[in-house]
$ cat final-v1.pdb   # PDB, C-alpha atoms, pLDDT in the B column
MODEL        1
ATOM      1  CA  GLY V   1      42.364  82.276  59.497  1.00 80.00           C
ATOM      2  CA  ILE V   2      45.860  80.787  59.467  1.00 87.00           C
ATOM      3  CA  ASP V   3      48.567  82.773  61.235  1.00 82.00           C
ATOM      4  CA  GLY V   4      52.118  82.607  59.957  1.00 84.00           C
ATOM      5  CA  PRO V   5      53.611  80.685  57.048  1.00 95.00           C
ATOM      6  CA  VAL V   6      52.282  77.456  55.527  1.00 97.00           C
ATOM      7  CA  ILE V   7      53.643  74.684  53.353  1.00 98.00           C
ATOM      8  CA  GLY V   8      51.914  75.318  50.058  1.00 97.00           C
ATOM      9  CA  ILE V   9      51.403  72.748  47.314  1.00 98.00           C
ATOM     10  CA  ALA V  10      50.873  74.423  43.916  1.00 97.00           C
ATOM     11  CA  TYR V  11      49.901  71.942  41.187  1.00 97.00           C
ATOM     12  CA  ASP V  12      48.700  73.387  37.905  1.00 94.00           C
ATOM     13  CA  GLY V  13      49.529  73.400  34.228  1.00 90.00           C
ATOM     14  CA  THR V  14      51.793  76.301  33.358  1.00 87.00           C
ATOM     15  CA  GLY V  15      53.043  79.380  35.164  1.00 88.00           C
ATOM     16  CA  TYR V  16      56.175  81.380  34.402  1.00 88.00           C
ATOM     17  CA  GLY V  17      58.791  80.656  37.062  1.00 90.00           C
ATOM     18  CA  THR V  18      61.609  82.816  38.389  1.00 89.00           C
ATOM     19  CA  ASP V  19      64.172  80.420  36.878  1.00 85.00           C
ATOM     20  CA  GLY V  20      62.790  80.792  33.345  1.00 82.00           C
ATOM     21  CA  THR V  21      61.073  77.397  33.267  1.00 85.00           C
ATOM     22  CA  MET V  22      57.340  76.707  33.391  1.00 90.00           C
ATOM     23  CA  TRP V  23      56.281  76.048  36.976  1.00 95.00           C
ATOM     24  CA  GLY V  24      53.216  74.203  38.179  1.00 96.00           C
ATOM     25  CA  GLY V  25      54.601  71.374  40.310  1.00 97.00           C
ATOM     26  CA  GLU V  26      55.876  73.248  43.364  1.00 97.00           C
ATOM     27  CA  VAL V  27      56.066  72.890  47.132  1.00 98.00           C
ATOM     28  CA  MET V  28      56.737  76.233  48.796  1.00 97.00           C
ATOM     29  CA  VAL V  29      56.997  77.650  52.291  1.00 97.00           C
ATOM     30  CA  THR V  30      54.872  80.732  51.865  1.00 95.00           C
ATOM     31  CA  SER V  31      53.115  83.645  53.518  1.00 92.00           C
ATOM     32  CA  VAL V  32      51.032  86.440  52.010  1.00 90.00           C
ATOM     33  CA  THR V  33      54.168  88.534  51.494  1.00 89.00           C
ATOM     34  CA  GLY V  34      56.585  86.032  49.986  1.00 89.00           C
ATOM     35  CA  PHE V  35      57.604  82.438  49.394  1.00 93.00           C
ATOM     36  CA  GLU V  36      60.605  80.151  49.465  1.00 95.00           C
ATOM     37  CA  ARG V  37      60.584  77.207  47.087  1.00 96.00           C
ATOM     38  CA  ALA V  38      61.277  73.892  48.827  1.00 97.00           C
ATOM     39  CA  ALA V  39      60.621  71.279  46.136  1.00 97.00           C
ATOM     40  CA  THR V  40      59.647  70.982  42.507  1.00 97.00           C
ATOM     41  CA  PHE V  41      59.075  68.465  39.750  1.00 96.00           C
ATOM     42  CA  ARG V  42      61.982  67.670  37.479  1.00 93.00           C
ATOM     43  CA  PRO V  43      61.424  69.774  34.334  1.00 88.00           C
ATOM     44  CA  ILE V  44      60.477  67.651  31.353  1.00 84.00           C
ATOM     45  CA  ALA V  45      61.297  68.504  27.782  1.00 78.00           C
ATOM     46  CA  LEU V  46      57.897  68.464  26.123  1.00 69.00           C
ATOM     47  CA  ALA V  47      58.714  65.624  23.732  1.00 65.00           C
ATOM     48  CA  LEU V  48      59.397  62.052  24.899  1.00 70.00           C
ATOM     49  CA  ASP V  49      61.423  62.715  28.001  1.00 73.00           C
ATOM     50  CA  ALA V  50      61.136  59.439  29.890  1.00 75.00           C
ATOM     51  CA  TYR V  51      63.848  57.484  28.044  1.00 76.00           C
ATOM     52  CA  GLY V  52      67.448  58.630  27.852  1.00 65.00           C
ATOM     53  CA  GLY V  53      68.135  56.898  24.544  1.00 62.00           C
ATOM     54  CA  ASP V  54      65.817  55.484  21.920  1.00 71.00           C
ATOM     55  CA  VAL V  55      62.216  54.942  22.931  1.00 75.00           C
ATOM     56  CA  PRO V  56      61.486  51.190  22.951  1.00 81.00           C
ATOM     57  CA  ARG V  57      59.441  50.006  20.001  1.00 79.00           C
ATOM     58  CA  GLU V  58      56.764  48.535  22.270  1.00 83.00           C
ATOM     59  CA  VAL V  59      56.223  51.967  23.832  1.00 82.00           C
ATOM     60  CA  TRP V  60      55.652  53.457  20.396  1.00 76.00           C
ATOM     61  CA  GLY V  61      53.215  50.596  19.927  1.00 79.00           C
ATOM     62  CA  LEU V  62      50.981  52.095  22.625  1.00 80.00           C
ATOM     63  CA  MET V  63      50.390  54.992  20.246  1.00 72.00           C
ATOM     64  CA  GLU V  64      50.589  53.228  16.903  1.00 68.00           C
ATOM     65  CA  GLU V  65      46.922  53.807  16.088  1.00 63.00           C
ATOM     66  CA  SER V  66      47.127  57.568  16.642  1.00 66.00           C
ATOM     67  CA  VAL V  67      50.741  58.501  15.856  1.00 70.00           C
ATOM     68  CA  SER V  68      52.034  58.117  12.312  1.00 71.00           C
ATOM     69  CA  GLY V  69      55.516  56.970  11.426  1.00 70.00           C
ATOM     70  CA  GLY V  70      56.326  60.461  10.209  1.00 77.00           C
ATOM     71  CA  GLN V  71      55.456  61.926  13.601  1.00 77.00           C
ATOM     72  CA  VAL V  72      57.629  59.334  15.337  1.00 73.00           C
ATOM     73  CA  GLU V  73      60.548  60.286  13.120  1.00 78.00           C
ATOM     74  CA  ALA V  74      59.945  63.992  13.721  1.00 81.00           C
ATOM     75  CA  LEU V  75      59.916  63.570  17.497  1.00 75.00           C
ATOM     76  CA  THR V  76      62.999  61.367  17.417  1.00 74.00           C
ATOM     77  CA  SER V  77      64.848  63.914  15.280  1.00 80.00           C
ATOM     78  CA  LEU V  78      63.824  66.702  17.643  1.00 76.00           C
ATOM     79  CA  ARG V  79      65.225  64.847  20.642  1.00 73.00           C
ATOM     80  CA  GLN V  80      68.479  64.082  18.843  1.00 77.00           C
ATOM     81  CA  SER V  81      68.950  67.597  17.445  1.00 78.00           C
ATOM     82  CA  ARG V  82      69.668  69.196  20.836  1.00 74.00           C
ATOM     83  CA  LEU V  83      67.503  72.130  19.811  1.00 76.00           C
ATOM     84  CA  PRO V  84      66.025  73.937  22.814  1.00 77.00           C
ATOM     85  CA  VAL V  85      62.530  72.770  23.679  1.00 77.00           C
ATOM     86  CA  PRO V  86      60.165  74.074  26.377  1.00 78.00           C
ATOM     87  CA  LEU V  87      60.887  72.752  29.862  1.00 83.00           C
ATOM     88  CA  ALA V  88      57.799  72.216  31.991  1.00 88.00           C
ATOM     89  CA  ARG V  89      57.405  71.357  35.669  1.00 92.00           C
ATOM     90  CA  GLY V  90      53.607  71.601  35.741  1.00 94.00           C
ATOM     91  CA  VAL V  91      51.735  68.587  37.075  1.00 96.00           C
ATOM     92  CA  GLY V  92      49.074  69.244  34.453  1.00 93.00           C
ATOM     93  CA  ARG V  93      51.552  68.295  31.745  1.00 91.00           C
ATOM     94  CA  TYR V  94      51.978  64.888  33.401  1.00 93.00           C
ATOM     95  CA  PHE V  95      48.225  64.339  33.339  1.00 94.00           C
ATOM     96  CA  ASP V  96      48.232  65.340  29.663  1.00 91.00           C
ATOM     97  CA  GLY V  97      51.157  63.086  28.794  1.00 89.00           C
ATOM     98  CA  PHE V  98      49.965  59.971  30.603  1.00 92.00           C
ATOM     99  CA  GLY V  99      46.370  60.468  29.500  1.00 92.00           C
ATOM    100  CA  ALA V 100      47.270  61.108  25.865  1.00 88.00           C
ATOM    101  CA  LEU V 101      49.395  57.964  25.709  1.00 88.00           C
ATOM    102  CA  PHE V 102      47.359  55.439  27.672  1.00 92.00           C
ATOM    103  CA  LEU V 103      43.929  56.679  26.576  1.00 92.00           C
ATOM    104  CA  ASP V 104      45.105  57.101  22.966  1.00 87.00           C
ATOM    105  CA  ARG V 105      44.090  60.781  22.894  1.00 85.00           C
ATOM    106  CA  PRO V 106      46.347  62.628  20.423  1.00 80.00           C
ATOM    107  CA  HIS V 107      44.044  65.680  20.451  1.00 84.00           C
ATOM    108  CA  ALA V 108      41.933  67.546  23.010  1.00 88.00           C
ATOM    109  CA  SER V 109      38.693  69.301  22.142  1.00 91.00           C
ATOM    110  CA  PHE V 110      38.587  71.509  25.245  1.00 89.00           C
ATOM    111  CA  GLU V 111      40.818  72.674  28.101  1.00 85.00           C
ATOM    112  CA  GLY V 112      41.582  69.889  30.567  1.00 87.00           C
ATOM    113  CA  GLN V 113      39.821  67.168  28.546  1.00 92.00           C
ATOM    114  CA  VAL V 114      42.630  64.614  28.692  1.00 92.00           C
ATOM    115  CA  ALA V 115      43.324  65.205  32.387  1.00 93.00           C
ATOM    116  CA  LEU V 116      39.629  64.855  33.199  1.00 94.00           C
ATOM    117  CA  GLU V 117      39.328  61.610  31.256  1.00 96.00           C
ATOM    118  CA  TRP V 118      42.500  60.271  32.881  1.00 96.00           C
ATOM    119  CA  ASN V 119      40.955  60.964  36.290  1.00 95.00           C
ATOM    120  CA  GLN V 120      37.668  59.324  35.307  1.00 96.00           C
ATOM    121  CA  ALA V 121      39.470  56.253  33.968  1.00 97.00           C
ATOM    122  CA  ALA V 122      41.069  55.435  37.329  1.00 97.00           C
ATOM    123  CA  ASP V 123      39.804  52.255  39.036  1.00 97.00           C
ATOM    124  CA  PRO V 124      38.692  53.306  42.563  1.00 96.00           C
ATOM    125  CA  ASP V 125      39.639  49.929  44.046  1.00 97.00           C
ATOM    126  CA  VAL V 126      43.314  50.001  43.002  1.00 97.00           C
ATOM    127  CA  THR V 127      45.828  50.796  45.761  1.00 97.00           C
ATOM    128  CA  GLU V 128      48.992  50.056  43.771  1.00 97.00           C
ATOM    129  CA  ALA V 129      51.551  52.800  43.133  1.00 98.00           C
ATOM    130  CA  TYR V 130      54.601  53.098  40.897  1.00 98.00           C
ATOM    131  CA  PRO V 131      58.174  54.079  41.843  1.00 98.00           C
ATOM    132  CA  PHE V 132      59.513  57.607  41.751  1.00 98.00           C
ATOM    133  CA  GLU V 133      62.775  59.283  42.743  1.00 98.00           C
ATOM    134  CA  ILE V 134      63.614  62.459  44.654  1.00 98.00           C
ATOM    135  CA  HIS V 135      66.952  64.155  44.083  1.00 97.00           C
ATOM    136  CA  ALA V 136      68.641  67.123  45.723  1.00 95.00           C
ATOM    137  CA  VAL V 137      69.302  69.833  43.144  1.00 93.00           C
ATOM    138  CA  GLY V 138      70.985  72.751  44.857  1.00 91.00           C
ATOM    139  CA  ASP V 139      68.700  73.836  47.674  1.00 90.00           C
ATOM    140  CA  LEU V 140      65.684  72.114  46.124  1.00 94.00           C
ATOM    141  CA  CYS V 141      64.240  68.635  46.208  1.00 96.00           C
ATOM    142  CA  GLU V 142      63.299  67.552  42.692  1.00 97.00           C
ATOM    143  CA  LEU V 143      60.745  64.851  41.977  1.00 98.00           C
ATOM    144  CA  ASP V 144      61.660  62.593  39.052  1.00 96.00           C
ATOM    145  CA  MET V 145      58.645  60.837  37.510  1.00 95.00           C
ATOM    146  CA  ARG V 146      60.550  58.983  34.801  1.00 93.00           C
ATOM    147  CA  PRO V 147      60.516  55.733  36.830  1.00 95.00           C
ATOM    148  CA  THR V 148      56.746  56.196  37.156  1.00 96.00           C
ATOM    149  CA  PHE V 149      56.265  56.434  33.410  1.00 93.00           C
ATOM    150  CA  ARG V 150      58.516  53.489  32.631  1.00 93.00           C
ATOM    151  CA  ALA V 151      56.678  51.330  35.182  1.00 96.00           C
ATOM    152  CA  ALA V 152      53.308  52.416  33.798  1.00 96.00           C
ATOM    153  CA  ALA V 153      54.358  51.648  30.225  1.00 93.00           C
ATOM    154  CA  GLU V 154      55.706  48.246  31.252  1.00 94.00           C
ATOM    155  CA  ALA V 155      52.473  47.458  33.095  1.00 96.00           C
ATOM    156  CA  ARG V 156      50.280  48.453  30.169  1.00 95.00           C
ATOM    157  CA  ILE V 157      52.405  46.529  27.653  1.00 93.00           C
ATOM    158  CA  GLY V 158      52.166  43.556  29.998  1.00 94.00           C
ATOM    159  CA  GLY V 159      48.367  43.657  29.853  1.00 95.00           C
ATOM    160  CA  ALA V 160      47.348  45.881  32.782  1.00 97.00           C
ATOM    161  CA  ALA V 161      44.025  47.611  32.256  1.00 97.00           C
ATOM    162  CA  VAL V 162      44.012  51.351  31.605  1.00 97.00           C
ATOM    163  CA  GLY V 163      41.971  51.861  34.786  1.00 98.00           C
ATOM    164  CA  VAL V 164      44.694  50.192  36.845  1.00 98.00           C
ATOM    165  CA  VAL V 165      47.436  52.323  35.285  1.00 98.00           C
ATOM    166  CA  ALA V 166      45.426  55.524  35.796  1.00 98.00           C
ATOM    167  CA  ALA V 167      44.743  54.684  39.431  1.00 98.00           C
ATOM    168  CA  ALA V 168      48.367  53.792  40.116  1.00 98.00           C
ATOM    169  CA  PHE V 169      49.430  57.120  38.568  1.00 98.00           C
ATOM    170  CA  HIS V 170      47.142  59.041  40.937  1.00 98.00           C
ATOM    171  CA  ASN V 171      48.329  56.994  43.917  1.00 98.00           C
ATOM    172  CA  THR V 172      51.955  57.613  42.980  1.00 98.00           C
ATOM    173  CA  LEU V 173      51.390  61.351  42.699  1.00 98.00           C
ATOM    174  CA  ALA V 174      49.755  61.455  46.139  1.00 98.00           C
ATOM    175  CA  GLN V 175      52.606  59.472  47.719  1.00 98.00           C
ATOM    176  CA  ALA V 176      55.253  61.595  46.012  1.00 98.00           C
ATOM    177  CA  THR V 177      53.548  64.791  47.164  1.00 98.00           C
ATOM    178  CA  SER V 178      53.530  63.496  50.716  1.00 98.00           C
ATOM    179  CA  ALA V 179      57.246  62.723  50.479  1.00 98.00           C
ATOM    180  CA  LEU V 180      58.027  66.256  49.245  1.00 98.00           C
ATOM    181  CA  VAL V 181      55.944  67.900  51.964  1.00 98.00           C
ATOM    182  CA  ARG V 182      57.549  65.785  54.675  1.00 98.00           C
ATOM    183  CA  ARG V 183      61.010  66.761  53.473  1.00 97.00           C
ATOM    184  CA  ALA V 184      60.010  70.413  53.601  1.00 97.00           C
ATOM    185  CA  ALA V 185      58.585  69.938  57.102  1.00 97.00           C
ATOM    186  CA  GLN V 186      61.918  68.545  58.278  1.00 96.00           C
ATOM    187  CA  GLN V 187      63.409  71.947  57.500  1.00 95.00           C
ATOM    188  CA  VAL V 188      60.647  74.328  58.612  1.00 96.00           C
ATOM    189  CA  GLY V 189      58.518  72.307  61.033  1.00 96.00           C
ATOM    190  CA  ARG V 190      55.055  70.790  60.771  1.00 96.00           C
ATOM    191  CA  LEU V 191      53.268  73.821  59.386  1.00 97.00           C
ATOM    192  CA  THR V 192      49.717  73.785  58.081  1.00 98.00           C
ATOM    193  CA  VAL V 193      49.652  72.400  54.542  1.00 98.00           C
ATOM    194  CA  VAL V 194      47.526  74.168  51.911  1.00 97.00           C
ATOM    195  CA  ALA V 195      46.878  72.626  48.497  1.00 98.00           C
ATOM    196  CA  SER V 196      46.010  74.817  45.520  1.00 96.00           C
ATOM    197  CA  GLY V 197      46.130  74.936  41.731  1.00 95.00           C
ATOM    198  CA  GLY V 198      43.862  73.553  39.045  1.00 94.00           C
ATOM    199  CA  CYS V 199      45.037  69.967  39.525  1.00 96.00           C
ATOM    200  CA  PHE V 200      43.261  69.922  42.884  1.00 96.00           C
ATOM    201  CA  GLN V 201      39.923  70.039  41.093  1.00 94.00           C
ATOM    202  CA  ASN V 202      40.744  66.331  40.713  1.00 95.00           C
ATOM    203  CA  ALA V 203      38.968  64.736  43.695  1.00 94.00           C
ATOM    204  CA  ARG V 204      41.040  61.545  43.597  1.00 95.00           C
ATOM    205  CA  LEU V 205      44.293  63.521  43.770  1.00 97.00           C
ATOM    206  CA  ALA V 206      43.019  65.835  46.523  1.00 97.00           C
ATOM    207  CA  GLU V 207      41.679  62.963  48.621  1.00 97.00           C
ATOM    208  CA  GLY V 208      44.857  60.947  48.050  1.00 97.00           C
ATOM    209  CA  VAL V 209      47.105  63.789  49.221  1.00 98.00           C
ATOM    210  CA  CYS V 210      44.929  64.308  52.310  1.00 98.00           C
ATOM    211  CA  ARG V 211      45.080  60.590  53.063  1.00 97.00           C
ATOM    212  CA  GLU V 212      48.857  60.421  52.675  1.00 98.00           C
ATOM    213  CA  LEU V 213      49.239  63.497  54.923  1.00 98.00           C
ATOM    214  CA  SER V 214      46.580  62.508  57.451  1.00 98.00           C
ATOM    215  CA  ASP V 215      48.917  63.402  60.337  1.00 98.00           C
ATOM    216  CA  PHE V 216      49.197  67.009  59.055  1.00 98.00           C
ATOM    217  CA  ASP V 217      46.637  69.809  59.094  1.00 97.00           C
ATOM    218  CA  VAL V 218      45.794  69.911  55.366  1.00 98.00           C
ATOM    219  CA  ARG V 219      43.500  72.612  53.931  1.00 97.00           C
ATOM    220  CA  LEU V 220      41.711  72.439  50.578  1.00 97.00           C
ATOM    221  CA  HIS V 221      39.652  75.036  48.707  1.00 95.00           C
ATOM    222  CA  GLU V 222      36.028  75.431  49.717  1.00 93.00           C
ATOM    223  CA  GLN V 223      34.631  78.815  48.646  1.00 93.00           C
ATOM    224  CA  VAL V 224      37.267  79.921  46.118  1.00 94.00           C
ATOM    225  CA  PRO V 225      38.165  77.748  43.108  1.00 94.00           C
ATOM    226  CA  PRO V 226      41.642  76.155  43.176  1.00 94.00           C
ATOM    227  CA  GLY V 227      42.313  76.949  39.521  1.00 90.00           C
ATOM    228  CA  ASP V 228      42.695  80.213  37.644  1.00 89.00           C
ATOM    229  CA  GLY V 229      39.444  81.530  39.125  1.00 90.00           C
ATOM    230  CA  GLY V 230      41.176  82.000  42.476  1.00 92.00           C
ATOM    231  CA  ILE V 231      44.224  83.866  41.209  1.00 91.00           C
ATOM    232  CA  ALA V 232      42.717  87.376  41.362  1.00 93.00           C
ATOM    233  CA  LEU V 233      41.788  86.986  45.040  1.00 93.00           C
ATOM    234  CA  GLY V 234      45.278  85.723  45.834  1.00 90.00           C
ATOM    235  CA  GLN V 235      46.839  88.676  44.035  1.00 92.00           C
ATOM    236  CA  ALA V 236      44.628  91.081  45.981  1.00 95.00           C
ATOM    237  CA  LEU V 237      45.614  89.520  49.316  1.00 91.00           C
ATOM    238  CA  VAL V 238      49.311  89.667  48.461  1.00 92.00           C
ATOM    239  CA  ALA V 239      49.071  93.266  47.221  1.00 94.00           C
ATOM    240  CA  ASP V 240      47.239  94.289  50.399  1.00 94.00           C
ATOM    241  CA  ALA V 241      49.817  92.605  52.630  1.00 91.00           C
ATOM    242  CA  VAL V 242      52.747  94.168  50.781  1.00 91.00           C
ATOM    243  CA  ALA V 243      51.107  97.605  50.903  1.00 93.00           C
ATOM    244  CA  ARG V 244      50.549  97.310  54.645  1.00 91.00           C
ATOM    245  CA  GLU V 245      54.222  96.385  55.150  1.00 88.00           C
ATOM    246  CA  ARG V 246      55.264  99.556  53.348  1.00 86.00           C
ATOM    247  CA  VAL V 247      53.098 101.887  55.449  1.00 76.00           C
TER     248      VAL V 247
ENDMDL
END

$ encode --input "final-v1.pdb" --output "structure tokens"
Amino acid sequence: GIDGPVIGIAYDGTGYGTDGTMWGGEVMVTSVTGFERAATFRPIALALDAYGGDVPREVWGLMEESVSGGQVEALTSLRQSRLPVPLARGVGRYFDGFGALFLDRPHASFEGQVALEWNQAADPDVTEAYPFEIHAVGDLCELDMRPTFRAAAEARIGGAAVGVVAAAFHNTLAQATSALVRRAAQQVGRLTVVASGGCFQNARLAEGVCRELSDFDVRLHEQVPPGDGGIALGQALVADAVARERV
């Protein structure tokens, strides 16, 4: 029932992007016949990306019960080797990374387990958020969550409860999303905002984004699932729209 383009938030785990990296943390100005990417998450190399040099010993200490010395050495060697590693922008990978570290979960038994537990761990009374940075990269805005991770690690090492860190992570993500959407709106106007992707099964994230964008018209999924279950319907709508344009 929405006429014209929208500002779309697409937060999921992994999807192949047009630039050859794994997408899943995108803000796009989109219609049923096409999209223009407005913002994205800085791609992270999927092995210890948050520190430019050596990872501080106290950070390794957060994982000392679940990560052996041999694994630490292997990861360190991988970072120093300059070998190509997968680059991921998906928000789901951030949930996995933060949850695995701060919940001490080196393994998952089912899809989305770590992200779900990270959501459940969040203290509902915490309003604190961590810093983040947004950089212009060509025509895109790029969200850099490295300051978020470093602040979370420092807080946990300093004695903050896991529930506080988890809540602050969710709050930060909601605030950062709002900042990206508002930057896009400066370019294209205050369009309706639609939020989709598997990460929006997370009620705290969805509610936080709505709260941070309370002055926008924000739409969430109601009858169609936000995750992979909704993809087929989206493909059908796009195919129908493209076919009608060609008639």

$ resolve_selection --input "final-v1.pdb" --expression "the PyMOL selection byres ((chain V and resi 127-131) around 6)" --output "CSV table (one decimal) with C-alpha atoms, in the coordinates of the input"
chain,number,residue,atom,x,y,z
V,126,VAL,CA,43.3,50.0,43.0
V,132,PHE,CA,59.5,57.6,41.8
V,147,PRO,CA,60.5,55.7,36.8
V,148,THR,CA,56.7,56.2,37.2
V,168,ALA,CA,48.4,53.8,40.1
V,171,ASN,CA,48.3,57.0,43.9
V,172,THR,CA,52.0,57.6,43.0

$ atom_distance --input "final-v1.pdb" --atom1 "atom CA of Arg244 of chain V" --atom2 "atom CA of Asp12 of chain V"
29.3 Å

$ atom_distance --input "final-v1.pdb" --atom1 "atom CA of Pro84 of chain V" --atom2 "atom CA of Gly25 of chain V"
21.1 Å

$ closest_residue --input "final-v1.pdb" --among "V:Gly99, V:Gly229, V:Gly90, V:Gly163" --to "Pro124 of chain V" --atoms "only C-alpha atoms"
V:Gly163

$ closest_residue --input "final-v1.pdb" --among "V:Tyr94, V:Phe41, V:Phe35, V:Tyr16" --to "Leu140 of chain V" --atoms "only C-alpha atoms"
V:Phe41

$ closest_residue --input "final-v1.pdb" --among "V:Val193, V:Ala232, V:Leu180, V:Val238" --to "Ala136 of chain V" --atoms "all atoms listed in the file"
V:Leu180

$ residues_around --input "final-v1.pdb" --residues "Phe95 of chain V" --least-positions-apart "6" --cutoff "8 Å" --atoms "all atoms listed in the file" --output "PyMOL selection string"
chain V and resi 114-115+118

$ closest_atom_pairs --input "final-v1.pdb" --of "segment 107-208 of chain V" --to "segment 3-10 of chain V" --cutoff "6 Å" --atoms "all atoms listed in the file" --output "tab-separated table"
residue	atom	partner	partner_atom	distance
V:Leu191	CA	V:Val6	CA	5.4
V:Thr192	CA	V:Val6	CA	5.2
V:Val193	CA	V:Ile7	CA	4.7
V:Val194	CA	V:Gly8	CA	4.9
V:Ala195	CA	V:Ile9	CA	4.7
V:Ser196	CA	V:Ala10	CA	5.1
V:Gly197	CA	V:Ala10	CA	5.2

$ atom_distance --input "final-v1.pdb" --atom1 "atom CA of Gly69 of chain V" --atom2 "atom CA of Val55 of chain V"
13.5 Å

$ residues_around --input "final-v1.pdb" --residues "Arg42 of chain V" --least-positions-apart "5" --cutoff "6 Å" --atoms "all atoms listed in the file" --output "MDAnalysis selection string"
chainID V and resid 142:144

$ resolve_selection --input "final-v1.pdb" --expression "the PyMOL selection byres ((chain V and resi 198) around 8)" --output "list of chain:residue names"
V:Tyr11, V:Asp12, V:Gly13, V:Ser196, V:Gly197, V:Cys199, V:Phe200, V:Gln201, V:Pro226, V:Gly227, V:Asp228

$ residues_around --input "final-v1.pdb" --residues "Glu245 of chain V" --least-positions-apart "6" --cutoff "12 Å" --atoms "all atoms listed in the file" --output "PyMOL selection string"
chain V and resi 32-34+238-239

$ residues_around --input "final-v1.pdb" --residues "Cys210 of chain V" --least-positions-apart "3" --cutoff "10 Å" --atoms "all atoms listed in the file" --output "ChimeraX atom specification"
/V:174,178,193,195,204-207,213-220
